[in-house]
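Okay, protein-v1.tsv now, which holds TSV, C-alpha atoms and all ligand atoms:
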chain	number	residue	atom	x	y	z
A	215	MET	CA	22.12	45.04	26.94
A	216	GLN	CA	23.50	42.32	24.66
A	217	LYS	CA	20.83	39.92	25.91
A	218	VAL	CA	17.97	41.62	24.03
A	219	LYS	CA	19.57	40.47	20.77
A	220	ASN	CA	19.69	36.86	21.93
A	221	SER	CA	17.19	34.55	20.32
A	222	ILE	CA	13.75	33.51	21.38
A	223	GLY	CA	14.16	29.74	21.77
A	224	ILE	CA	11.27	27.61	20.57
A	225	PHE	CA	10.92	23.84	20.73
A	226	ASP	CA	8.43	21.20	19.66
A	227	SER	CA	8.42	17.43	19.27
A	228	GLY	CA	8.66	18.12	15.56
A	229	ILE	CA	7.84	20.54	12.80
A	230	GLY	CA	4.35	21.52	14.07
A	231	GLY	CA	5.62	24.26	16.38
A	232	THR	CA	6.61	26.22	13.29
A	233	SER	CA	2.93	27.24	13.27
A	234	ILE	CA	3.71	29.06	16.54
A	235	TRP	CA	7.03	30.38	15.22
A	236	LYS	CA	5.08	32.00	12.36
A	237	GLU	CA	2.83	33.90	14.78
A	238	ILE	CA	5.82	35.02	16.84
A	239	GLN	CA	7.76	36.15	13.77
A	240	GLN	CA	4.78	38.15	12.53
A	241	LEU	CA	4.13	39.86	15.84
A	242	LEU	CA	7.79	40.40	16.76
A	243	PRO	CA	9.65	40.86	13.44
A	244	LYS	CA	12.77	42.33	15.10
A	245	GLU	CA	13.42	39.24	17.21
A	246	ASN	CA	15.98	36.57	16.34
A	247	THR	CA	14.71	33.03	16.83
A	248	LEU	CA	16.12	29.54	17.26
A	249	TYR	CA	13.69	26.70	16.60
A	250	LEU	CA	14.31	23.13	17.70
A	251	SER	CA	12.43	20.30	16.00
A	252	ASP	CA	12.88	17.07	17.98
A	253	SER	CA	11.46	15.02	15.09
A	254	LYS	CA	13.67	12.05	15.95
A	255	ASN	CA	11.57	11.57	19.11
A	256	ALA	CA	8.16	12.55	17.69
A	257	PRO	CA	5.40	11.99	18.41
A	258	TYR	CA	5.53	12.89	22.11
A	259	GLY	CA	1.80	12.29	22.41
A	260	ASN	CA	2.02	8.55	23.10
A	261	ARG	CA	4.98	8.81	25.49
A	262	THR	CA	4.91	8.69	29.28
A	263	LYS	CA	4.97	11.89	31.33
A	264	GLU	CA	8.50	10.99	32.51
A	265	GLU	CA	9.75	10.63	28.95
A	266	ILE	CA	8.14	13.93	27.91
A	267	ILE	CA	9.81	15.68	30.86
A	268	GLU	CA	13.19	14.17	30.00
A	269	LEU	CA	12.93	15.22	26.34
A	270	SER	CA	11.77	18.72	27.30
A	271	ILE	CA	14.79	19.11	29.60
A	272	LYS	CA	17.11	17.97	26.79
A	273	ASN	CA	15.58	20.53	24.40
A	274	THR	CA	15.77	23.28	27.02
A	275	GLU	CA	19.47	22.55	27.67
A	276	PHE	CA	20.21	22.91	23.94
A	277	LEU	CA	18.41	26.25	23.75
A	278	LEU	CA	20.16	27.50	26.89
A	279	LYS	CA	23.56	26.48	25.48
A	280	ASN	CA	22.69	28.67	22.52
A	281	ASP	CA	22.01	31.65	24.79
A	282	CYS	CA	18.27	31.95	24.25
A	283	LYS	CA	16.65	34.69	26.34
A	284	ILE	CA	13.22	33.06	26.70
A	285	ILE	CA	11.86	29.63	25.81
A	286	VAL	CA	8.56	28.97	24.08
A	287	VAL	CA	7.36	25.41	24.52
A	288	ALA	CA	5.53	25.25	21.18
A	289	CYS	CA	3.97	21.90	21.99
A	290	ASN	CA	0.75	21.27	23.91
A	291	THR	CA	1.95	17.82	24.95
A	292	ALA	CA	5.23	19.09	26.38
A	293	THR	CA	3.53	22.07	28.04
A	294	THR	CA	0.77	20.11	29.73
A	295	ASN	CA	3.20	17.43	30.97
A	296	ALA	CA	6.49	19.20	31.60
A	297	ILE	CA	6.26	22.99	31.95
A	298	LYS	CA	5.82	22.87	35.72
A	299	VAL	CA	9.09	20.95	36.09
A	300	LEU	CA	10.89	23.24	33.63
A	301	ARG	CA	9.79	26.33	35.55
A	302	GLN	CA	10.99	24.80	38.81
A	303	LYS	CA	14.35	23.76	37.36
A	304	TYR	CA	15.35	26.86	35.36
A	305	THR	CA	15.21	30.61	35.96
A	306	ILE	CA	14.67	31.57	32.30
A	307	PRO	CA	11.04	32.56	31.49
A	308	PHE	CA	8.97	29.87	29.75
A	309	ILE	CA	5.89	30.39	27.60
A	310	GLY	CA	3.63	27.38	27.20
A	311	ILE	CA	0.71	26.45	25.01
A	312	GLU	CA	-2.51	24.78	26.04
A	313	PRO	CA	-5.64	23.90	24.07
A	314	ALA	CA	-7.84	27.00	23.75
A	315	ILE	CA	-10.91	25.53	25.38
A	316	LYS	CA	-11.69	28.65	27.40
A	317	PRO	CA	-12.02	30.87	24.29
A	318	ALA	CA	-14.11	28.13	22.67
A	319	ALA	CA	-16.37	28.00	25.73
A	320	LEU	CA	-17.01	31.73	25.35
A	321	GLN	CA	-17.88	31.46	21.66
A	322	THR	CA	-20.03	28.35	21.44
A	323	LYS	CA	-23.76	28.76	20.83
A	324	THR	CA	-24.63	25.07	20.73
A	325	ASN	CA	-22.71	24.41	23.97
A	326	VAL	CA	-20.92	21.52	22.31
A	327	ILE	CA	-17.18	21.91	21.72
A	328	GLY	CA	-14.88	19.51	19.93
A	329	ILE	CA	-11.23	19.15	20.83
A	330	LEU	CA	-8.60	17.38	18.82
A	331	ALA	CA	-5.31	16.79	20.64
A	332	THR	CA	-2.75	14.11	21.48
A	333	LYS	CA	-3.32	11.42	24.09
A	334	GLY	CA	-0.57	12.99	26.22
A	335	THR	CA	-2.37	16.34	26.28
A	336	LEU	CA	-5.89	15.03	26.88
A	337	ASN	CA	-4.71	12.75	29.71
A	338	SER	CA	-2.63	15.41	31.44
A	339	GLU	CA	-3.45	16.79	34.85
A	340	LEU	CA	-3.23	20.36	33.56
A	341	PHE	CA	-5.80	19.74	30.83
A	342	GLU	CA	-8.09	17.97	33.27
A	343	LYS	CA	-7.93	20.93	35.65
A	344	THR	CA	-8.71	23.45	32.89
A	345	SER	CA	-11.70	21.51	31.60
A	346	ALA	CA	-13.04	20.87	35.11
A	347	ASN	CA	-13.37	24.63	35.59
A	348	LEU	CA	-15.67	25.10	32.60
A	349	ASP	CA	-19.41	25.69	32.76
A	350	SER	CA	-21.15	22.39	33.50
A	351	LYS	CA	-23.71	22.97	30.73
A	352	LEU	CA	-20.95	22.52	28.14
A	353	THR	CA	-20.34	19.21	26.44
A	354	ILE	CA	-16.73	18.68	25.42
A	355	MET	CA	-16.03	16.01	22.82
A	356	GLU	CA	-12.41	15.02	23.19
A	357	ARG	CA	-10.74	13.12	20.40
A	358	VAL	CA	-7.17	11.85	20.18
A	359	GLY	CA	-5.79	12.72	16.75
A	360	GLU	CA	-3.97	9.39	16.52
A	361	GLY	CA	-1.69	9.27	13.48
A	362	LEU	CA	-2.04	12.93	12.44
A	363	VAL	CA	1.36	14.07	13.77
A	364	ASP	CA	3.04	11.05	12.15
A	365	LEU	CA	1.60	11.91	8.74
A	366	ILE	CA	2.57	15.59	9.04
A	367	GLU	CA	6.12	14.63	10.05
A	368	LYS	CA	6.29	12.41	6.96
A	369	GLY	CA	5.21	15.27	4.71
A	370	LYS	CA	1.80	13.70	4.02
A	371	ILE	CA	-0.42	16.66	4.87
A	372	TYR	CA	-2.33	16.46	1.60
A	373	SER	CA	-2.74	12.67	1.42
A	374	SER	CA	-5.77	10.42	1.19
A	375	GLU	CA	-4.69	8.80	4.50
A	376	MET	CA	-4.94	12.23	6.11
A	377	THR	CA	-8.42	12.85	4.69
A	378	LEU	CA	-9.64	9.47	5.94
A	379	LEU	CA	-8.33	10.06	9.47
A	380	LEU	CA	-9.77	13.57	9.64
A	381	GLU	CA	-13.17	12.35	8.46
A	382	LYS	CA	-13.10	9.60	11.06
A	383	TYR	CA	-12.30	12.04	13.90
A	384	LEU	CA	-14.50	14.93	12.83
A	385	THR	CA	-17.71	13.28	11.61
A	386	PRO	CA	-18.85	12.28	15.14
A	387	MET	CA	-18.23	15.87	16.24
A	388	ILE	CA	-20.44	17.25	13.49
A	389	GLU	CA	-23.13	14.68	14.33
A	390	ALA	CA	-22.99	15.86	17.96
A	391	ASN	CA	-23.60	19.46	16.81
A	392	VAL	CA	-20.25	21.05	17.74
A	393	ASP	CA	-19.87	24.64	16.57
A	394	CYS	CA	-16.26	25.13	17.73
A	395	ILE	CA	-13.33	22.80	17.24
A	396	VAL	CA	-10.18	23.43	19.27
A	397	LEU	CA	-6.89	22.44	17.67
A	398	GLY	CA	-4.97	21.23	20.73
A	399	CYS	CA	-1.72	20.36	18.98
A	400	THR	CA	0.62	22.76	17.23
A	401	HIS	CA	0.89	20.46	14.19
A	402	TYR	CA	-2.85	20.75	13.46
A	403	PRO	CA	-3.06	24.37	12.18
A	404	TYR	CA	-1.44	22.96	9.03
A	405	LEU	CA	-4.61	20.89	8.58
A	406	LYS	CA	-6.99	23.83	8.95
A	407	ASN	CA	-8.09	23.99	5.30
A	408	GLN	CA	-8.83	20.29	5.20
A	409	ILE	CA	-10.68	20.43	8.49
A	410	GLU	CA	-12.77	23.36	7.24
A	411	ALA	CA	-13.59	21.43	4.07
A	412	ILE	CA	-14.96	18.56	6.17
A	413	VAL	CA	-16.83	20.48	8.89
A	414	GLY	CA	-18.12	23.37	6.81
A	415	PRO	CA	-18.09	27.14	7.34
A	416	SER	CA	-20.44	27.27	10.34
A	417	VAL	CA	-17.91	25.57	12.64
A	418	LYS	CA	-15.18	27.79	14.12
A	419	ILE	CA	-11.67	26.36	14.20
A	420	ILE	CA	-9.77	27.73	17.18
A	421	ASP	CA	-6.04	27.52	17.90
A	422	SER	CA	-3.77	29.21	20.44
A	423	GLY	CA	-1.03	30.52	18.12
A	424	TYR	CA	-1.74	34.25	18.31
A	425	ALA	CA	-2.32	34.13	22.08
A	426	VAL	CA	1.08	32.49	22.56
A	427	ALA	CA	2.79	35.17	20.46
A	428	MET	CA	1.05	37.90	22.51
A	429	GLN	CA	2.10	36.26	25.75
A	430	THR	CA	5.69	36.01	24.49
A	431	GLN	CA	5.64	39.74	23.73
A	432	ASN	CA	4.22	40.56	27.18
A	433	ILE	CA	6.75	38.48	29.07
A	434	LEU	CA	9.68	39.86	27.04
A	435	LYS	CA	8.43	43.37	27.84
A	436	GLN	CA	8.09	42.58	31.54
A	437	HIS	CA	11.69	41.35	31.64
A	438	ASN	CA	13.04	44.23	29.51
A	439	LEU	CA	14.08	41.70	26.90
A	440	LEU	CA	12.34	43.06	23.80
A	441	ASN	CA	14.73	43.84	20.93
A	442	LEU	CA	13.87	47.38	19.83
A	443	GLU	CA	16.69	47.83	17.31
A	444	ASN	CA	15.84	47.80	13.64
A	445	LEU	CA	18.17	45.02	12.51
A	446	LYS	CA	17.22	42.26	10.09
A	447	ALA	CA	16.32	39.33	12.29
A	448	SER	CA	17.76	35.89	11.68
A	449	HIS	CA	15.87	32.65	12.18
A	450	LYS	CA	17.65	29.37	12.66
A	451	PHE	CA	15.87	26.01	12.54
A	452	CYS	CA	17.59	22.89	13.92
A	453	ILE	CA	16.28	19.39	13.32
A	454	ASN	CA	17.70	16.02	14.39
A	455	ILE	CA	16.57	14.04	11.30
A	456	ASP	CA	16.62	14.70	7.55
A	457	LYS	CA	15.51	18.29	6.95
A	458	THR	CA	13.48	17.76	3.74
A	459	VAL	CA	9.97	17.92	5.22
A	460	LEU	CA	10.79	20.86	7.49
A	461	THR	CA	12.28	22.68	4.50
A	462	GLU	CA	9.15	22.06	2.43
A	463	ILE	CA	6.79	23.32	5.14
A	464	LEU	CA	8.88	26.46	5.66
A	465	GLU	CA	9.08	27.12	1.92
A	466	GLU	CA	5.29	26.96	1.79
A	467	HIS	CA	4.62	29.13	4.84
A	468	VAL	CA	7.47	31.59	5.44
A	469	PRO	CA	6.84	34.98	3.83
A	470	PRO	CA	9.44	36.12	1.28
A	471	GLY	CA	12.35	38.22	2.53
A	472	ILE	CA	12.67	36.48	5.90
A	473	ASN	CA	16.20	35.38	6.72
A	474	ILE	CA	16.05	31.65	7.61
A	475	SER	CA	18.59	28.84	7.83
A	476	ILE	CA	17.89	25.15	8.41
A	477	GLU	CA	20.45	22.81	9.94
A	478	GLU	CA	20.52	19.09	10.66
A	479	THR	CA	21.98	18.88	14.17
A	480	ALA	CA	22.30	16.03	16.69
A	481	PHE	CA	20.80	16.97	20.06
A	501	LIG	N1	3.05	19.60	18.35
A	501	LIG	C1	2.85	18.69	19.45
A	501	LIG	C2	1.71	19.20	20.34
A	501	LIG	O1	1.34	20.35	20.24
A	501	LIG	C3	2.72	17.33	18.89
A	501	LIG	C4	2.69	16.28	19.90
A	501	LIG	C5	3.30	14.99	19.54
A	501	LIG	O2	4.47	14.96	19.19
A	501	LIG	O3	2.59	13.99	19.66
A	501	LIG	O4	1.14	18.51	21.14
Encoded form using structure tokens:
Amino acid sequence: MQKVKNSIGIFDSGIGGTSIWKEIQQLLPKENTLYLSDSKNAPYGNRTKEEIIELSIKNTEFLLKNDCKIIVVACNTATTNAIKVLRQKYTIPFIGIEPAIKPAALQTKTNVIGILATKGTLNSELFEKTSANLDSKLTIMERVGEGLVDLIEKGKIYSSEMTLLLEKYLTPMIEANVDCIVLGCTHYPYLKNQIEAIVGPSVKIIDSGYAVAMQTQNILKQHNLLNLENLKASHKFCINIDKTVLTEILEEHVPPGINISIEETAF
């Protein structure tokens, strides 16, 4: 019975997975959460599969030590490279996140889809398998968002460097007539306004945040792990570097009245 009050554990290579935390908090306001930001080791996107697996295991062990009841891998790079190993190694349920190319494939009218993600995600076997199953009449323009995660981790979301990089990555997509752009990294929803300003209102920006929150709810239900009691939920954020940038992003995006704490922790 006690277990339902245990936290939903969430990890990412950095602060980007807070975009997923937000969706989970909104959909499941009674749930306690523990968020792990492995910013010391970010970005994961240029690391080898072996390194990503090792880091994902380390994060999982921390969340398990803190009695989490389910683990959300709020990182496309960690999901596409490591979730299979995590599911084999541990009995706790895992929720993963993958680029939403299937929903984009259903919505496109021009049959040209853009996808912005890390090198680690685009090169993964899992991503390759998903894209191979799509309709052959679709053109998918993949683009590595090199440097974007670094700038976000440094607190430079609204910088001229960011605008230049986004223009460089998105202009070829517009020229190729994309009408849907998939954000295949959990850091990128924080760039949505800037992306919209560059690509214009006719291009749909698609991310997987809400779908991940829904899946978390479904799996908690299936395992009888939903917290139904009306207590004020607490949300703890742990980061293994200076917490300034994480604090700023949470101050900007967390609705008032939500009980959060942010801790610098070695893990
Ligand atoms: N938020 C991670 C993802 O969704 C960022 C990856 C990275 O650290 O490069 O892929």
At a cut-off of 8 Å from (-2.3, 27.5, 11.3) in the coordinates of the file, what residues are picked up using only C-alpha atoms, written as a count of residues only?
8
Using all atoms listed in the file, which of A:Leu330, A:Glu466, A:Glu443, A:Ile433 sits nearest A:Tyr383?
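Once distances to A:Tyr383 are computed over all atoms listed in the file, the minimum belongs to A:Leu330.
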Surrounding residues as a CSV table (one decimal) with C-alpha atoms, in the coordinates of the input, ligand LIG 501 (chain A), max 9 Å, all atoms listed in the file:
chain,number,residue,atom,x,y,z
A,226,ASP,CA,8.4,21.2,19.7
A,227,SER,CA,8.4,17.4,19.3
A,228,GLY,CA,8.7,18.1,15.6
A,229,ILE,CA,7.8,20.5,12.8
A,230,GLY,CA,4.4,21.5,14.1
A,231,GLY,CA,5.6,24.3,16.4
A,252,ASP,CA,12.9,17.1,18.0
A,253,SER,CA,11.5,15.0,15.1
A,255,ASN,CA,11.6,11.6,19.1
A,256,ALA,CA,8.2,12.6,17.7
A,257,PRO,CA,5.4,12.0,18.4
A,258,TYR,CA,5.5,12.9,22.1
A,259,GLY,CA,1.8,12.3,22.4
A,260,ASN,CA,2.0,8.6,23.1
A,261,ARG,CA,5.0,8.8,25.5
A,287,VAL,CA,7.4,25.4,24.5
A,288,ALA,CA,5.5,25.2,21.2
A,289,CYS,CA,4.0,21.9,22.0
A,290,ASN,CA,0.8,21.3,23.9
A,291,THR,CA,2.0,17.8,25.0
A,292,ALA,CA,5.2,19.1,26.4
A,293,THR,CA,3.5,22.1,28.0
A,294,THR,CA,0.8,20.1,29.7
A,311,ILE,CA,0.7,26.4,25.0
A,312,GLU,CA,-2.5,24.8,26.0
A,313,PRO,CA,-5.6,23.9,24.1
A,331,ALA,CA,-5.3,16.8,20.6
A,332,THR,CA,-2.8,14.1,21.5
A,333,LYS,CA,-3.3,11.4,24.1
A,334,GLY,CA,-0.6,13.0,26.2
A,335,THR,CA,-2.4,16.3,26.3
A,359,GLY,CA,-5.8,12.7,16.8
A,360,GLU,CA,-4.0,9.4,16.5
A,361,GLY,CA,-1.7,9.3,13.5
A,362,LEU,CA,-2.0,12.9,12.4
A,363,VAL,CA,1.4,14.1,13.8
A,364,ASP,CA,3.0,11.0,12.2
A,397,LEU,CA,-6.9,22.4,17.7
A,398,GLY,CA,-5.0,21.2,20.7
A,399,CYS,CA,-1.7,20.4,19.0
A,400,THR,CA,0.6,22.8,17.2
A,401,HIS,CA,0.9,20.5,14.2
A,402,TYR,CA,-2.8,20.8,13.5
Straight-line distance linking atom CA of A:Asn441 with atom CA of A:Lys236, stated in Å to one decimal:
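One can read the atom CA of A:Asn441 to atom CA of A:Lys236 distance as 17.5 Å.
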Between atom CA of A:Cys282 and atom CA of A:Met428 - distance in Å to one decimal:
18.3 Å
Residue contacts of A:Ser345 (10 Å, all atoms listed in the file) excluding same-chain residues fewer than 2 positions away, as a list in words:
Pro313, Ile315, Lys316, Ala319, Leu336, Leu340, Phe341, Glu342, Lys343, Asn347, Leu348, Asp349, Ser350, Leu352 and Ile354 of chain A
Same residues, C-alpha atoms, output as a short mmCIF file (atom, residue, chain, number, x, y, z; two decimals), in the coordinates of the input:
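As written to disk, again_16.cif reads:
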data_model
loop_
_atom_site.label_atom_id
_atom_site.label_comp_id
_atom_site.auth_asym_id
_atom_site.auth_seq_id
_atom_site.Cartn_x
_atom_site.Cartn_y
_atom_site.Cartn_z
CA PRO A 313 -5.64 23.90 24.07
CA ILE A 315 -10.91 25.53 25.38
CA LYS A 316 -11.69 28.65 27.40
CA ALA A 319 -16.37 28.00 25.73
CA LEU A 336 -5.89 15.03 26.88
CA LEU A 340 -3.23 20.36 33.56
CA PHE A 341 -5.80 19.74 30.83
CA GLU A 342 -8.09 17.97 33.27
CA LYS A 343 -7.93 20.93 35.65
CA ASN A 347 -13.37 24.63 35.59
CA LEU A 348 -15.67 25.10 32.60
CA ASP A 349 -19.41 25.69 32.76
CA SER A 350 -21.15 22.39 33.50
CA LEU A 352 -20.95 22.52 28.14
CA ILE A 354 -16.73 18.68 25.42
#
What separation in Å, quoted to one decimal, exists between atom CA of A:Leu277 and atom CA of A:Ile306?
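Computed distance, atom CA of A:Leu277 to atom CA of A:Ile306, equals 10.7 Å.
Closest approach to A:Ile366 among A:Val459, A:Ile476, A:Asn295, A:Lys450 is made by A:Val459 (distances from all atoms listed in the file).
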Extract, using all atoms listed in the file, all DNA, RNA and protein residues at most 9 Å from A:Ser448, discarding same-chain residues fewer than 2 positions from it, and format them as a PDB file with C-alpha atoms, keeping the file's coordinate frame.
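This went into selection-v1.pdb:
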ATOM      1  CA  SER A 221      17.190  34.550  20.320  1.00  0.00           C
ATOM      2  CA  LYS A 244      12.770  42.330  15.100  1.00  0.00           C
ATOM      3  CA  GLU A 245      13.420  39.240  17.210  1.00  0.00           C
ATOM      4  CA  ASN A 246      15.980  36.570  16.340  1.00  0.00           C
ATOM      5  CA  THR A 247      14.710  33.030  16.830  1.00  0.00           C
ATOM      6  CA  LEU A 248      16.120  29.540  17.260  1.00  0.00           C
ATOM      7  CA  LYS A 446      17.220  42.260  10.090  1.00  0.00           C
ATOM      8  CA  LYS A 450      17.650  29.370  12.660  1.00  0.00           C
ATOM      9  CA  ILE A 472      12.670  36.480   5.900  1.00  0.00           C
ATOM     10  CA  ASN A 473      16.200  35.380   6.720  1.00  0.00           C
ATOM     11  CA  ILE A 474      16.050  31.650   7.610  1.00  0.00           C
ATOM     12  CA  SER A 475      18.590  28.840   7.830  1.00  0.00           C
TER      13      SER A 475
END
Which residue out of A:Glu465, A:Asp456, A:Glu367, A:Asp393 has the minimum interatomic distance to A:Thr322 when only C-alpha atoms are used?
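Smallest distance to A:Thr322 is found for A:Asp393.
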For each of A:Leu278, A:Ile371, A:Gln429, A:Lys351, take the minimum atom-to-atom distance to A:Asn325, counting all atoms listed in the file, then give the residue where this is smallest.
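Between A:Leu278, A:Ile371, A:Gln429, A:Lys351, the residue approaching A:Asn325 most closely is A:Lys351.
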Which is closest to A:Leu241 among A:Asn432, A:Thr458, A:Asn391, A:Thr479, if we use only C-alpha atoms?
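That would be A:Asn432, the residue with the smallest distance to A:Leu241.
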May I have the protein, DNA and RNA residues with any atom at most 10 Å from the point (8.6, 17.7, 33.1), counting all atoms listed in the file, written as a PDB file with C-alpha atoms, in the frame of the given file?
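Once written, point.pdb looks like this:
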ATOM      1  CA  LYS A 263       4.970  11.890  31.330  1.00  0.00           C
ATOM      2  CA  GLU A 264       8.500  10.990  32.510  1.00  0.00           C
ATOM      3  CA  GLU A 265       9.750  10.630  28.950  1.00  0.00           C
ATOM      4  CA  ILE A 266       8.140  13.930  27.910  1.00  0.00           C
ATOM      5  CA  ILE A 267       9.810  15.680  30.860  1.00  0.00           C
ATOM      6  CA  GLU A 268      13.190  14.170  30.000  1.00  0.00           C
ATOM      7  CA  LEU A 269      12.930  15.220  26.340  1.00  0.00           C
ATOM      8  CA  SER A 270      11.770  18.720  27.300  1.00  0.00           C
ATOM      9  CA  ILE A 271      14.790  19.110  29.600  1.00  0.00           C
ATOM     10  CA  ALA A 292       5.230  19.090  26.380  1.00  0.00           C
ATOM     11  CA  THR A 293       3.530  22.070  28.040  1.00  0.00           C
ATOM     12  CA  THR A 294       0.770  20.110  29.730  1.00  0.00           C
ATOM     13  CA  ASN A 295       3.200  17.430  30.970  1.00  0.00           C
ATOM     14  CA  ALA A 296       6.490  19.200  31.600  1.00  0.00           C
ATOM     15  CA  ILE A 297       6.260  22.990  31.950  1.00  0.00           C
ATOM     16  CA  LYS A 298       5.820  22.870  35.720  1.00  0.00           C
ATOM     17  CA  VAL A 299       9.090  20.950  36.090  1.00  0.00           C
ATOM     18  CA  LEU A 300      10.890  23.240  33.630  1.00  0.00           C
ATOM     19  CA  ARG A 301       9.790  26.330  35.550  1.00  0.00           C
ATOM     20  CA  GLN A 302      10.990  24.800  38.810  1.00  0.00           C
ATOM     21  CA  LYS A 303      14.350  23.760  37.360  1.00  0.00           C
TER      22      LYS A 303
END
Please complete stretch 420-426 of chain A with all heavy atoms and give it back as a short mmCIF file (atom, residue, chain, number, x, y, z; two decimals), keeping the file's coordinate frame.
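Contents of the output file out_21.cif:
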data_model
loop_
_atom_site.label_atom_id
_atom_site.label_comp_id
_atom_site.auth_asym_id
_atom_site.auth_seq_id
_atom_site.Cartn_x
_atom_site.Cartn_y
_atom_site.Cartn_z
N ILE A 420 -10.46 26.83 16.25
CA ILE A 420 -9.77 27.73 17.18
C ILE A 420 -8.40 27.16 17.54
O ILE A 420 -8.29 25.99 17.93
CB ILE A 420 -10.62 27.91 18.46
CG1 ILE A 420 -11.97 28.52 18.08
CG2 ILE A 420 -9.90 28.78 19.49
CD1 ILE A 420 -12.96 28.64 19.22
N ASP A 421 -7.35 27.97 17.40
CA ASP A 421 -6.04 27.52 17.90
C ASP A 421 -5.44 28.60 18.78
O ASP A 421 -5.98 29.70 18.89
CB ASP A 421 -5.11 27.11 16.75
CG ASP A 421 -4.65 28.28 15.92
OD1 ASP A 421 -3.95 29.15 16.47
OD2 ASP A 421 -4.98 28.34 14.71
N SER A 422 -4.31 28.29 19.42
CA SER A 422 -3.77 29.21 20.44
C SER A 422 -2.57 30.01 19.94
O SER A 422 -1.90 30.68 20.73
CB SER A 422 -3.33 28.41 21.67
OG SER A 422 -4.21 27.38 21.97
N GLY A 423 -2.26 29.92 18.64
CA GLY A 423 -1.03 30.52 18.12
C GLY A 423 -0.85 32.00 18.43
O GLY A 423 0.18 32.42 18.97
N TYR A 424 -1.87 32.80 18.11
CA TYR A 424 -1.74 34.25 18.31
C TYR A 424 -1.61 34.59 19.81
O TYR A 424 -0.81 35.45 20.20
CB TYR A 424 -2.93 34.98 17.68
CG TYR A 424 -2.85 36.48 17.82
CD1 TYR A 424 -1.86 37.20 17.15
CD2 TYR A 424 -3.73 37.17 18.66
CE1 TYR A 424 -1.76 38.58 17.30
CE2 TYR A 424 -3.63 38.55 18.82
CZ TYR A 424 -2.64 39.25 18.14
OH TYR A 424 -2.53 40.60 18.30
N ALA A 425 -2.38 33.88 20.62
CA ALA A 425 -2.32 34.13 22.08
C ALA A 425 -0.92 33.84 22.62
O ALA A 425 -0.42 34.57 23.49
CB ALA A 425 -3.36 33.26 22.79
N VAL A 426 -0.27 32.83 22.10
CA VAL A 426 1.08 32.49 22.56
C VAL A 426 2.07 33.59 22.14
O VAL A 426 2.93 34.00 22.92
CB VAL A 426 1.53 31.12 21.98
CG1 VAL A 426 3.00 30.86 22.24
CG2 VAL A 426 0.69 30.01 22.58
#
